[in-house]
>>> print(open('protein_15.pdb').read())   # PDB, C-alpha atoms
MODEL        1
ATOM      1  CA  MET A 167     -36.094  26.933 -56.320
ATOM      2  CA  PHE A 168     -38.619  28.785 -54.204
ATOM      3  CA  GLY A 169     -40.515  25.538 -53.708
ATOM      4  CA  THR A 170     -37.369  23.863 -52.455
ATOM      5  CA  ALA A 171     -36.936  26.651 -49.914
ATOM      6  CA  LEU A 172     -40.524  26.039 -48.778
ATOM      7  CA  LEU A 173     -39.740  22.343 -48.370
ATOM      8  CA  GLY A 174     -36.691  23.279 -46.295
ATOM      9  CA  MET A 175     -38.813  25.492 -44.036
ATOM     10  CA  LEU A 176     -41.300  22.672 -43.556
ATOM     11  CA  GLY A 177     -38.434  20.323 -42.757
ATOM     12  CA  LEU A 178     -37.256  22.791 -40.113
ATOM     13  CA  ALA A 179     -40.771  22.846 -38.631
ATOM     14  CA  ILE A 180     -40.844  19.042 -38.532
ATOM     15  CA  MET A 181     -37.458  19.054 -36.793
ATOM     16  CA  LEU A 182     -38.839  21.449 -34.162
ATOM     17  CA  GLY A 183     -41.701  18.996 -33.688
ATOM     18  CA  PHE A 184     -39.141  16.260 -33.093
ATOM     19  CA  VAL A 185     -37.440  18.498 -30.518
ATOM     20  CA  ARG A 186     -40.713  18.567 -28.591
ATOM     21  CA  LEU A 187     -41.085  14.808 -29.102
ATOM     22  CA  ALA A 188     -37.688  14.241 -27.503
ATOM     23  CA  ARG A 189     -38.053  16.819 -24.720
ATOM     24  CA  GLY A 190     -41.744  16.488 -23.802
ATOM     25  CA  PRO A 191     -41.748  15.801 -20.075
ATOM     26  CA  SER A 192     -44.749  13.470 -20.087
ATOM     27  CA  LEU A 193     -46.300  10.877 -22.363
ATOM     28  CA  PRO A 194     -49.236  13.088 -23.490
ATOM     29  CA  ASP A 195     -46.715  15.739 -24.543
ATOM     30  CA  ARG A 196     -45.160  13.238 -26.915
ATOM     31  CA  ALA A 197     -48.587  12.294 -28.244
ATOM     32  CA  VAL A 198     -49.252  15.974 -28.992
ATOM     33  CA  ALA A 199     -45.913  16.212 -30.783
ATOM     34  CA  LEU A 200     -46.757  13.159 -32.911
ATOM     35  CA  ASP A 201     -50.126  14.644 -33.855
ATOM     36  CA  PHE A 202     -48.417  17.909 -34.772
ATOM     37  CA  ILE A 203     -45.815  16.112 -36.909
ATOM     38  CA  ALA A 204     -48.577  14.184 -38.705
ATOM     39  CA  SER A 205     -50.371  17.371 -39.732
ATOM     40  CA  LEU A 206     -47.059  18.928 -40.825
ATOM     41  CA  VAL A 207     -46.352  15.919 -43.035
ATOM     42  CA  VAL A 208     -49.754  16.330 -44.706
ATOM     43  CA  GLY A 209     -48.758  19.896 -45.596
ATOM     44  CA  PHE A 210     -45.364  18.625 -46.755
ATOM     45  CA  THR A 211     -47.009  16.289 -49.267
ATOM     46  CA  GLY A 212     -49.018  19.209 -50.668
ATOM     47  CA  VAL A 213     -45.923  21.358 -51.185
ATOM     48  CA  PHE A 214     -43.987  18.391 -52.523
ATOM     49  CA  ALA A 215     -46.695  17.649 -55.100
ATOM     50  CA  VAL A 216     -46.344  21.219 -56.399
ATOM     51  CA  VAL A 217     -42.534  21.140 -56.374
ATOM     52  CA  VAL A 218     -42.169  17.898 -58.328
ATOM     53  CA  ASP A 219     -45.272  18.727 -60.422
ATOM     54  CA  ALA A 220     -46.938  15.378 -59.675
ATOM     55  CA  PRO A 221     -50.487  15.603 -58.262
ATOM     56  CA  VAL A 222     -50.534  11.930 -57.237
ATOM     57  CA  PHE A 223     -48.812  12.933 -53.996
ATOM     58  CA  LEU A 224     -52.068  14.495 -52.810
ATOM     59  CA  ASP A 225     -53.451  10.953 -52.399
ATOM     60  CA  LEU A 226     -50.566  10.316 -50.037
ATOM     61  CA  GLY A 227     -51.607  13.381 -48.038
ATOM     62  CA  LEU A 228     -55.169  12.089 -47.756
ATOM     63  CA  VAL A 229     -54.008   8.705 -46.477
ATOM     64  CA  LEU A 230     -51.587  10.316 -44.029
ATOM     65  CA  ALA A 231     -54.303  12.580 -42.631
ATOM     66  CA  LEU A 232     -56.544   9.548 -42.059
ATOM     67  CA  VAL A 233     -53.830   7.453 -40.408
ATOM     68  CA  GLY A 234     -52.634  10.376 -38.295
ATOM     69  CA  PHE A 235     -56.112  11.005 -36.936
ATOM     70  CA  LEU A 236     -56.652   7.333 -36.119
ATOM     71  CA  GLY A 237     -53.277   7.170 -34.407
ATOM     72  CA  THR A 238     -54.037  10.265 -32.332
ATOM     73  CA  VAL A 239     -57.399   8.929 -31.180
ATOM     74  CA  ALA A 240     -55.960   5.504 -30.362
ATOM     75  CA  PHE A 241     -53.067   7.048 -28.416
ATOM     76  CA  ALA A 242     -55.425   9.309 -26.472
ATOM     77  CA  ARG A 243     -57.723   6.416 -25.548
ATOM     78  CA  TYR A 244     -54.692   4.447 -24.404
ATOM     79  CA  ILE A 245     -53.488   7.292 -22.186
ATOM     80  CA  GLU A 246     -56.963   7.853 -20.787
ATOM     81  CA  LYS A 247     -57.329   4.179 -19.850
ATOM     82  CA  GLY A 248     -54.126   4.335 -17.832
ATOM     83  CA  GLY A 249     -51.245   4.161 -20.247
ATOM     84  CA  PRO A 250     -48.313   1.764 -20.003
ATOM     85  CA  PRO A 251     -47.694  -0.013 -16.683
ATOM     86  CA  TRP A 252     -44.555   1.978 -15.920
ATOM     87  CA  TYR A 253     -46.315   5.301 -16.418
ATOM     88  CA  LYS A 254     -47.169   7.265 -13.302
ATOM     89  CA  SER A 255     -49.043  10.462 -14.106
TER      90      SER A 255
ATOM     91  CA  MET B1426     -49.798  35.147 -62.484
ATOM     92  CA  VAL B1427     -51.750  32.159 -61.161
ATOM     93  CA  GLN B1428     -48.421  30.565 -60.331
ATOM     94  CA  ILE B1429     -47.367  33.577 -58.250
ATOM     95  CA  LEU B1430     -50.682  33.447 -56.401
ATOM     96  CA  SER B1431     -50.372  29.734 -55.787
ATOM     97  CA  PHE B1432     -46.814  29.998 -54.515
ATOM     98  CA  SER B1433     -47.723  32.844 -52.192
ATOM     99  CA  LEU B1434     -50.538  30.698 -50.765
ATOM    100  CA  LEU B1435     -48.047  27.868 -50.260
ATOM    101  CA  ALA B1436     -45.629  30.276 -48.564
ATOM    102  CA  ALA B1437     -48.355  31.539 -46.232
ATOM    103  CA  GLY B1438     -49.253  27.981 -45.237
ATOM    104  CA  VAL B1439     -45.633  27.047 -44.645
ATOM    105  CA  ALA B1440     -45.075  30.201 -42.574
ATOM    106  CA  LEU B1441     -48.085  29.334 -40.395
ATOM    107  CA  MET B1442     -46.691  25.857 -39.836
ATOM    108  CA  LEU B1443     -43.257  27.206 -38.936
ATOM    109  CA  ILE B1444     -44.762  29.644 -36.419
ATOM    110  CA  ALA B1445     -46.801  26.791 -34.937
ATOM    111  CA  ALA B1446     -43.625  24.704 -34.626
ATOM    112  CA  VAL B1447     -41.907  27.510 -32.707
ATOM    113  CA  GLY B1448     -44.944  27.652 -30.432
ATOM    114  CA  VAL B1449     -44.901  23.891 -29.886
ATOM    115  CA  VAL B1450     -41.277  24.087 -28.775
ATOM    116  CA  ARG B1451     -41.528  27.193 -26.630
ATOM    117  CA  PHE B1452     -44.930  27.183 -24.917
ATOM    118  CA  PRO B1453     -44.661  26.177 -21.252
ATOM    119  CA  ASP B1454     -47.640  23.886 -20.853
ATOM    120  CA  LEU B1455     -49.246  20.963 -22.674
ATOM    121  CA  PHE B1456     -52.612  22.647 -23.106
ATOM    122  CA  MET B1457     -51.079  25.775 -24.617
ATOM    123  CA  ARG B1458     -49.078  23.541 -26.918
ATOM    124  CA  ILE B1459     -52.247  21.790 -28.050
ATOM    125  CA  HIS B1460     -53.720  25.229 -28.686
ATOM    126  CA  CYS B1461     -50.998  26.044 -31.197
ATOM    127  CA  SER B1462     -50.412  22.555 -32.568
ATOM    128  CA  ALA B1463     -54.039  21.983 -33.556
ATOM    129  CA  LYS B1464     -55.230  25.261 -35.028
ATOM    130  CA  SER B1465     -52.439  26.779 -37.094
ATOM    131  CA  PRO B1466     -51.411  23.625 -38.994
ATOM    132  CA  SER B1467     -55.003  22.966 -40.053
ATOM    133  CA  LEU B1468     -55.246  26.478 -41.494
ATOM    134  CA  GLY B1469     -51.795  25.936 -43.013
ATOM    135  CA  VAL B1470     -52.909  22.704 -44.675
ATOM    136  CA  GLY B1471     -55.950  24.551 -45.999
ATOM    137  CA  LEU B1472     -53.804  27.284 -47.564
ATOM    138  CA  ILE B1473     -51.330  24.752 -48.994
ATOM    139  CA  MET B1474     -54.091  22.666 -50.561
ATOM    140  CA  LEU B1475     -55.693  25.803 -52.012
ATOM    141  CA  GLY B1476     -52.325  26.716 -53.506
ATOM    142  CA  ALA B1477     -51.880  23.220 -54.946
ATOM    143  CA  ALA B1478     -55.392  23.271 -56.435
ATOM    144  CA  LEU B1479     -54.646  26.626 -58.092
ATOM    145  CA  TYR B1480     -51.291  25.375 -59.377
ATOM    146  CA  PHE B1481     -52.568  22.193 -61.020
ATOM    147  CA  ASP B1482     -55.829  23.732 -62.283
ATOM    148  CA  ASP B1483     -57.551  20.383 -62.737
ATOM    149  CA  ILE B1484     -60.914  19.294 -61.414
ATOM    150  CA  THR B1485     -59.718  15.952 -60.071
ATOM    151  CA  VAL B1486     -56.835  17.547 -58.175
ATOM    152  CA  SER B1487     -59.065  20.331 -56.849
ATOM    153  CA  SER B1488     -61.657  17.893 -55.552
ATOM    154  CA  LYS B1489     -58.921  15.835 -53.892
ATOM    155  CA  ALA B1490     -57.531  18.953 -52.224
ATOM    156  CA  ALA B1491     -61.028  19.931 -51.077
ATOM    157  CA  VAL B1492     -61.516  16.490 -49.548
ATOM    158  CA  ILE B1493     -58.208  16.772 -47.688
ATOM    159  CA  VAL B1494     -59.119  20.222 -46.346
ATOM    160  CA  MET B1495     -62.564  19.074 -45.197
ATOM    161  CA  PHE B1496     -61.104  16.014 -43.541
ATOM    162  CA  ILE B1497     -58.433  18.031 -41.695
ATOM    163  CA  MET B1498     -60.950  20.664 -40.597
ATOM    164  CA  VAL B1499     -63.182  17.932 -39.137
ATOM    165  CA  THR B1500     -60.566  15.713 -37.517
ATOM    166  CA  SER B1501     -58.066  18.217 -36.143
ATOM    167  CA  PRO B1502     -60.348  19.704 -33.417
ATOM    168  CA  VAL B1503     -61.599  16.228 -32.499
ATOM    169  CA  GLY B1504     -58.068  14.910 -32.119
ATOM    170  CA  ALA B1505     -57.007  17.934 -30.073
ATOM    171  CA  HIS B1506     -59.995  17.592 -27.754
ATOM    172  CA  VAL B1507     -59.446  13.867 -27.215
ATOM    173  CA  LEU B1508     -55.758  14.429 -26.490
ATOM    174  CA  ALA B1509     -56.412  17.281 -24.068
ATOM    175  CA  ARG B1510     -59.044  15.245 -22.229
ATOM    176  CA  ALA B1511     -56.695  12.277 -21.899
ATOM    177  CA  ALA B1512     -53.896  14.540 -20.689
ATOM    178  CA  TYR B1513     -56.179  16.153 -18.107
ATOM    179  CA  PHE B1514     -57.160  12.774 -16.709
ATOM    180  CA  ALA B1515     -53.546  11.639 -16.731
ATOM    181  CA  GLY B1516     -52.806  14.551 -14.397
ATOM    182  CA  VAL B1517     -50.501  16.579 -16.603
ATOM    183  CA  PRO B1518     -49.577  19.676 -14.579
ATOM    184  CA  LEU B1519     -50.784  23.078 -15.655
ATOM    185  CA  TRP B1520     -48.427  26.003 -15.993
ATOM    186  CA  ARG B1521     -47.577  27.459 -12.583
ATOM    187  CA  GLU B1522     -48.981  30.872 -13.520
ATOM    188  CA  THR B1523     -52.315  29.470 -14.725
ATOM    189  CA  LEU B1524     -55.063  31.561 -13.169
ATOM    190  CA  SER B1525     -58.088  29.289 -13.365
ATOM    191  CA  ASP B1526     -58.831  25.620 -13.941
ATOM    192  CA  GLU B1527     -62.579  25.565 -14.380
ATOM    193  CA  LEU B1528     -62.761  21.805 -14.815
ATOM    194  CA  ARG B1529     -61.120  21.197 -11.505
ATOM    195  CA  ASP B1530     -64.046  20.129  -9.313
ATOM    196  CA  HIS B1531     -66.333  19.082 -12.131
ATOM    197  CA  TYR B1532     -64.886  15.819 -13.383
ATOM    198  CA  ASP B1533     -65.397  12.565 -11.571
ATOM    199  CA  LEU B1534     -61.884  11.239 -11.904
ATOM    200  CA  LYS B1535     -62.961   7.625 -11.375
ATOM    201  CA  THR B1536     -65.763   7.334 -13.911
ATOM    202  CA  HIS B1537     -64.492  10.134 -16.209
ATOM    203  CA  GLU B1538     -67.937  11.720 -16.229
ATOM    204  CA  LEU B1539     -68.817  15.366 -16.073
ATOM    205  CA  GLY B1540     -70.919  16.029 -12.953
ATOM    206  CA  ARG B1541     -72.587  18.886 -11.171
ATOM    207  CA  PRO B1542     -70.221  21.427  -9.607
ATOM    208  CA  GLY B1543     -69.443  20.290  -6.104
ATOM    209  CA  ALA B1544     -71.163  16.942  -6.557
ATOM    210  CA  THR B1545     -67.897  15.050  -6.342
ATOM    211  CA  PRO B1546     -65.107  15.980  -3.987
ATOM    212  CA  ALA B1547     -61.962  17.361  -5.537
ATOM    213  CA  ARG B1548     -59.708  14.389  -5.897
ATOM    214  CA  ARG B1549     -57.356  16.094  -8.245
ATOM    215  CA  PRO B1550     -54.274  17.107  -6.271
ATOM    216  CA  ARG B1551     -52.830  20.538  -6.534
ATOM    217  CA  PRO B1552     -50.572  20.362  -9.604
ATOM    218  CA  PRO B1553     -46.902  20.281  -8.753
ATOM    219  CA  GLN B1554     -44.805  23.198  -9.859
ATOM    220  CA  PRO B1555     -42.806  22.243 -12.916
ATOM    221  CA  ASP B1556     -39.539  24.028 -13.382
ATOM    222  CA  LEU B1557     -39.419  25.384 -16.889
TER     223      LEU B1557
ENDMDL
END
>>> encode(input="protein_15.pdb", output="structure tokens")
Amino acid sequence: MFGTALLGMLGLAIMLGFVRLARGPSLPDRAVALDFIASLVVGFTGVFAVVVDAPVFLDLGLVLALVGFLGTVAFARYIEKGGPPWYKS
Amino acid sequence: MVQILSFSLLAAGVALMLIAAVGVVRFPDLFMRIHCSAKSPSLGVGLIMLGAALYFDDITVSSKAAVIVMFIMVTSPVGAHVLARAAYFAGVPLWRETLSDELRDHYDLKTHELGRPGATPARRPRPPQPDL
């Protein structure tokens, strides 16, 4: 019960991250929001593993942390090299 | 008893993440948002993984949680730095009440290298005033 409330709070945090993803005035703002959401989802898998009492979900968190970091670095390199053709800083 | 401790660790981590989410929505400037989107969730993940390791009380789960925490603690600052650097070169405006931008005359905006102060002319335009 308490664990479900924790999952709901994390879901609210992820929704606030999506608010920033939708509102962010520039492309790097959206990249920051995606990085933030990725780290929130890693925490979500930890809480979820405790709530459903299945430790295999921690493997999922490890993979998500790895993929999130690679995505952040790739996105940042892309922005630094100029970004999409329609993007004027 | 251990369960109460583990759930309070989980609650502390979740509360940190929720506070960070409020900061990400409400802070006025990309660099301030990076400040709160990089630090608090990595501490939150650390607390959550500690809580999960206490809850399961198993050496394989604990080592997995330790690996996740080490990985997050290493990669989160690197990702934040790379993002902030890219955003600075992309010319993301600072907040209009920012007092100092110490990188302003130091970066060569063509080669993306850090030079001596005053070695390269300031090619970065005065940031426009965003309405927030």
>>> atom_distance(input="protein_15.pdb", atom1="CA of His1537 in chain B", atom2="CA of Leu1519 in chain B")
18.9 Å
>>> resolve_selection(input="protein_15.pdb", expression="the PyMOL selection byres ((chain A and resi 194) around 9)", output="count of residues only")
19
>>> closest_atom_pairs(input="protein_15.pdb", of="chain A", to="chain B", cutoff="9 Å", atoms="only C-alpha atoms", output="Markdown table")
| residue | atom | partner | partner_atom | distance |
| --- | --- | --- | --- | --- |
| A:Phe168 | CA | B:Phe1432 | CA | 8.3 |
| A:Gly169 | CA | B:Phe1432 | CA | 7.8 |
| A:Leu172 | CA | B:Ala1436 | CA | 6.6 |
| A:Leu173 | CA | B:Val1439 | CA | 8.4 |
| A:Met175 | CA | B:Leu1443 | CA | 7.0 |
| A:Leu176 | CA | B:Val1439 | CA | 6.3 |
| A:Leu178 | CA | B:Leu1443 | CA | 7.5 |
| A:Ala179 | CA | B:Leu1443 | CA | 5.0 |
| A:Ile180 | CA | B:Ala1446 | CA | 7.4 |
| A:Met181 | CA | B:Ala1446 | CA | 8.6 |
| A:Leu182 | CA | B:Ala1446 | CA | 5.8 |
| A:Gly183 | CA | B:Ala1446 | CA | 6.1 |
| A:Val185 | CA | B:Val1450 | CA | 7.0 |
| A:Arg186 | CA | B:Val1450 | CA | 5.6 |
| A:Arg189 | CA | B:Val1450 | CA | 8.9 |
| A:Gly190 | CA | B:Leu1455 | CA | 8.8 |
| A:Ser192 | CA | B:Val1517 | CA | 7.4 |
| A:Leu193 | CA | B:Ala1512 | CA | 8.6 |
| A:Pro194 | CA | B:Ala1512 | CA | 5.6 |
| A:Asp195 | CA | B:Leu1455 | CA | 6.1 |
| A:Ala197 | CA | B:Leu1508 | CA | 7.7 |
| A:Val198 | CA | B:Ile1459 | CA | 6.6 |
| A:Ala199 | CA | B:Val1449 | CA | 7.8 |
| A:Asp201 | CA | B:Ser1462 | CA | 8.0 |
| A:Phe202 | CA | B:Ser1462 | CA | 5.5 |
| A:Ser205 | CA | B:Pro1466 | CA | 6.4 |
| A:Leu206 | CA | B:Pro1466 | CA | 6.7 |
| A:Val208 | CA | B:Val1470 | CA | 7.1 |
| A:Gly209 | CA | B:Val1470 | CA | 5.1 |
| A:Phe210 | CA | B:Val1439 | CA | 8.7 |
| A:Gly212 | CA | B:Met1474 | CA | 6.1 |
| A:Val213 | CA | B:Ile1473 | CA | 6.7 |
| A:Ala215 | CA | B:Ala1477 | CA | 7.6 |
| A:Val216 | CA | B:Ala1477 | CA | 6.1 |
| A:Asp219 | CA | B:Phe1481 | CA | 8.1 |
| A:Ala220 | CA | B:Phe1481 | CA | 8.9 |
| A:Pro221 | CA | B:Val1486 | CA | 6.6 |
| A:Val222 | CA | B:Val1486 | CA | 8.5 |
| A:Leu224 | CA | B:Lys1489 | CA | 7.1 |
| A:Asp225 | CA | B:Lys1489 | CA | 7.5 |
| A:Gly227 | CA | B:Ile1493 | CA | 7.4 |
| A:Leu228 | CA | B:Ile1493 | CA | 5.6 |
| A:Ala231 | CA | B:Ile1497 | CA | 6.9 |
| A:Leu232 | CA | B:Phe1496 | CA | 8.0 |
| A:Phe235 | CA | B:Gly1504 | CA | 6.5 |
| A:Leu236 | CA | B:Gly1504 | CA | 8.7 |
| A:Thr238 | CA | B:Gly1504 | CA | 6.2 |
| A:Val239 | CA | B:Gly1504 | CA | 6.1 |
| A:Phe241 | CA | B:Leu1508 | CA | 8.1 |
| A:Ala242 | CA | B:Leu1508 | CA | 5.1 |
| A:Arg243 | CA | B:Ala1511 | CA | 7.0 |
| A:Tyr244 | CA | B:Ala1511 | CA | 8.5 |
| A:Ile245 | CA | B:Ala1511 | CA | 5.9 |
| A:Glu246 | CA | B:Ala1511 | CA | 4.6 |
| A:Lys247 | CA | B:Ala1511 | CA | 8.4 |
| A:Gly248 | CA | B:Ala1515 | CA | 7.4 |
| A:Gly249 | CA | B:Ala1515 | CA | 8.6 |
| A:Lys254 | CA | B:Ala1515 | CA | 8.5 |
| A:Ser255 | CA | B:Ala1515 | CA | 5.3 |
>>> write_last_selection(input="protein_15.pdb", atoms="C-alpha atoms", output="PDB file, in the coordinates of the input")
ATOM      1  CA  PHE A 168     -38.619  28.785 -54.204  1.00  0.00           C
ATOM      2  CA  GLY A 169     -40.515  25.538 -53.708  1.00  0.00           C
ATOM      3  CA  LEU A 172     -40.524  26.039 -48.778  1.00  0.00           C
ATOM      4  CA  LEU A 173     -39.740  22.343 -48.370  1.00  0.00           C
ATOM      5  CA  MET A 175     -38.813  25.492 -44.036  1.00  0.00           C
ATOM      6  CA  LEU A 176     -41.300  22.672 -43.556  1.00  0.00           C
ATOM      7  CA  LEU A 178     -37.256  22.791 -40.113  1.00  0.00           C
ATOM      8  CA  ALA A 179     -40.771  22.846 -38.631  1.00  0.00           C
ATOM      9  CA  ILE A 180     -40.844  19.042 -38.532  1.00  0.00           C
ATOM     10  CA  MET A 181     -37.458  19.054 -36.793  1.00  0.00           C
ATOM     11  CA  LEU A 182     -38.839  21.449 -34.162  1.00  0.00           C
ATOM     12  CA  GLY A 183     -41.701  18.996 -33.688  1.00  0.00           C
ATOM     13  CA  VAL A 185     -37.440  18.498 -30.518  1.00  0.00           C
ATOM     14  CA  ARG A 186     -40.713  18.567 -28.591  1.00  0.00           C
ATOM     15  CA  ARG A 189     -38.053  16.819 -24.720  1.00  0.00           C
ATOM     16  CA  GLY A 190     -41.744  16.488 -23.802  1.00  0.00           C
ATOM     17  CA  SER A 192     -44.749  13.470 -20.087  1.00  0.00           C
ATOM     18  CA  LEU A 193     -46.300  10.877 -22.363  1.00  0.00           C
ATOM     19  CA  PRO A 194     -49.236  13.088 -23.490  1.00  0.00           C
ATOM     20  CA  ASP A 195     -46.715  15.739 -24.543  1.00  0.00           C
ATOM     21  CA  ALA A 197     -48.587  12.294 -28.244  1.00  0.00           C
ATOM     22  CA  VAL A 198     -49.252  15.974 -28.992  1.00  0.00           C
ATOM     23  CA  ALA A 199     -45.913  16.212 -30.783  1.00  0.00           C
ATOM     24  CA  ASP A 201     -50.126  14.644 -33.855  1.00  0.00           C
ATOM     25  CA  PHE A 202     -48.417  17.909 -34.772  1.00  0.00           C
ATOM     26  CA  SER A 205     -50.371  17.371 -39.732  1.00  0.00           C
ATOM     27  CA  LEU A 206     -47.059  18.928 -40.825  1.00  0.00           C
ATOM     28  CA  VAL A 208     -49.754  16.330 -44.706  1.00  0.00           C
ATOM     29  CA  GLY A 209     -48.758  19.896 -45.596  1.00  0.00           C
ATOM     30  CA  PHE A 210     -45.364  18.625 -46.755  1.00  0.00           C
ATOM     31  CA  GLY A 212     -49.018  19.209 -50.668  1.00  0.00           C
ATOM     32  CA  VAL A 213     -45.923  21.358 -51.185  1.00  0.00           C
ATOM     33  CA  ALA A 215     -46.695  17.649 -55.100  1.00  0.00           C
ATOM     34  CA  VAL A 216     -46.344  21.219 -56.399  1.00  0.00           C
ATOM     35  CA  ASP A 219     -45.272  18.727 -60.422  1.00  0.00           C
ATOM     36  CA  ALA A 220     -46.938  15.378 -59.675  1.00  0.00           C
ATOM     37  CA  PRO A 221     -50.487  15.603 -58.262  1.00  0.00           C
ATOM     38  CA  VAL A 222     -50.534  11.930 -57.237  1.00  0.00           C
ATOM     39  CA  LEU A 224     -52.068  14.495 -52.810  1.00  0.00           C
ATOM     40  CA  ASP A 225     -53.451  10.953 -52.399  1.00  0.00           C
ATOM     41  CA  GLY A 227     -51.607  13.381 -48.038  1.00  0.00           C
ATOM     42  CA  LEU A 228     -55.169  12.089 -47.756  1.00  0.00           C
ATOM     43  CA  ALA A 231     -54.303  12.580 -42.631  1.00  0.00           C
ATOM     44  CA  LEU A 232     -56.544   9.548 -42.059  1.00  0.00           C
ATOM     45  CA  PHE A 235     -56.112  11.005 -36.936  1.00  0.00           C
ATOM     46  CA  LEU A 236     -56.652   7.333 -36.119  1.00  0.00           C
ATOM     47  CA  THR A 238     -54.037  10.265 -32.332  1.00  0.00           C
ATOM     48  CA  VAL A 239     -57.399   8.929 -31.180  1.00  0.00           C
ATOM     49  CA  PHE A 241     -53.067   7.048 -28.416  1.00  0.00           C
ATOM     50  CA  ALA A 242     -55.425   9.309 -26.472  1.00  0.00           C
ATOM     51  CA  ARG A 243     -57.723   6.416 -25.548  1.00  0.00           C
ATOM     52  CA  TYR A 244     -54.692   4.447 -24.404  1.00  0.00           C
ATOM     53  CA  ILE A 245     -53.488   7.292 -22.186  1.00  0.00           C
ATOM     54  CA  GLU A 246     -56.963   7.853 -20.787  1.00  0.00           C
ATOM     55  CA  LYS A 247     -57.329   4.179 -19.850  1.00  0.00           C
ATOM     56  CA  GLY A 248     -54.126   4.335 -17.832  1.00  0.00           C
ATOM     57  CA  GLY A 249     -51.245   4.161 -20.247  1.00  0.00           C
ATOM     58  CA  LYS A 254     -47.169   7.265 -13.302  1.00  0.00           C
ATOM     59  CA  SER A 255     -49.043  10.462 -14.106  1.00  0.00           C
TER      60      SER A 255
END
>>> atom_distance(input="protein_15.pdb", atom1="CA of Thr211 in chain A", atom2="CA of Gly177 in chain A")
11.5 Å
>>> atom_distance(input="protein_15.pdb", atom1="CA of Pro1502 in chain B", atom2="CA of Leu1479 in chain B")
26.3 Å
>>> axis_aligned_box(input="protein_15.pdb", around="range 232-242 of chain A", padding_each_side="3 Å", output="AutoDock Vina command-line options")
--center_x -55.0 --center_y 8.3 --center_z -34.3 --size_x 10.8 --size_y 11.5 --size_z 21.6
>>> closest_residue(input="protein_15.pdb", among="B:Trp1520, B:Glu1527, B:Glu1538, B:Met1426", to="Pro1453 in chain B", atoms="only C-alpha atoms")
B:Trp1520
>>> closest_residue(input="protein_15.pdb", among="A:Leu200, A:Val233, A:Leu226, A:Ala240", to="Phe214 in chain A", atoms="only C-alpha atoms")
A:Leu226
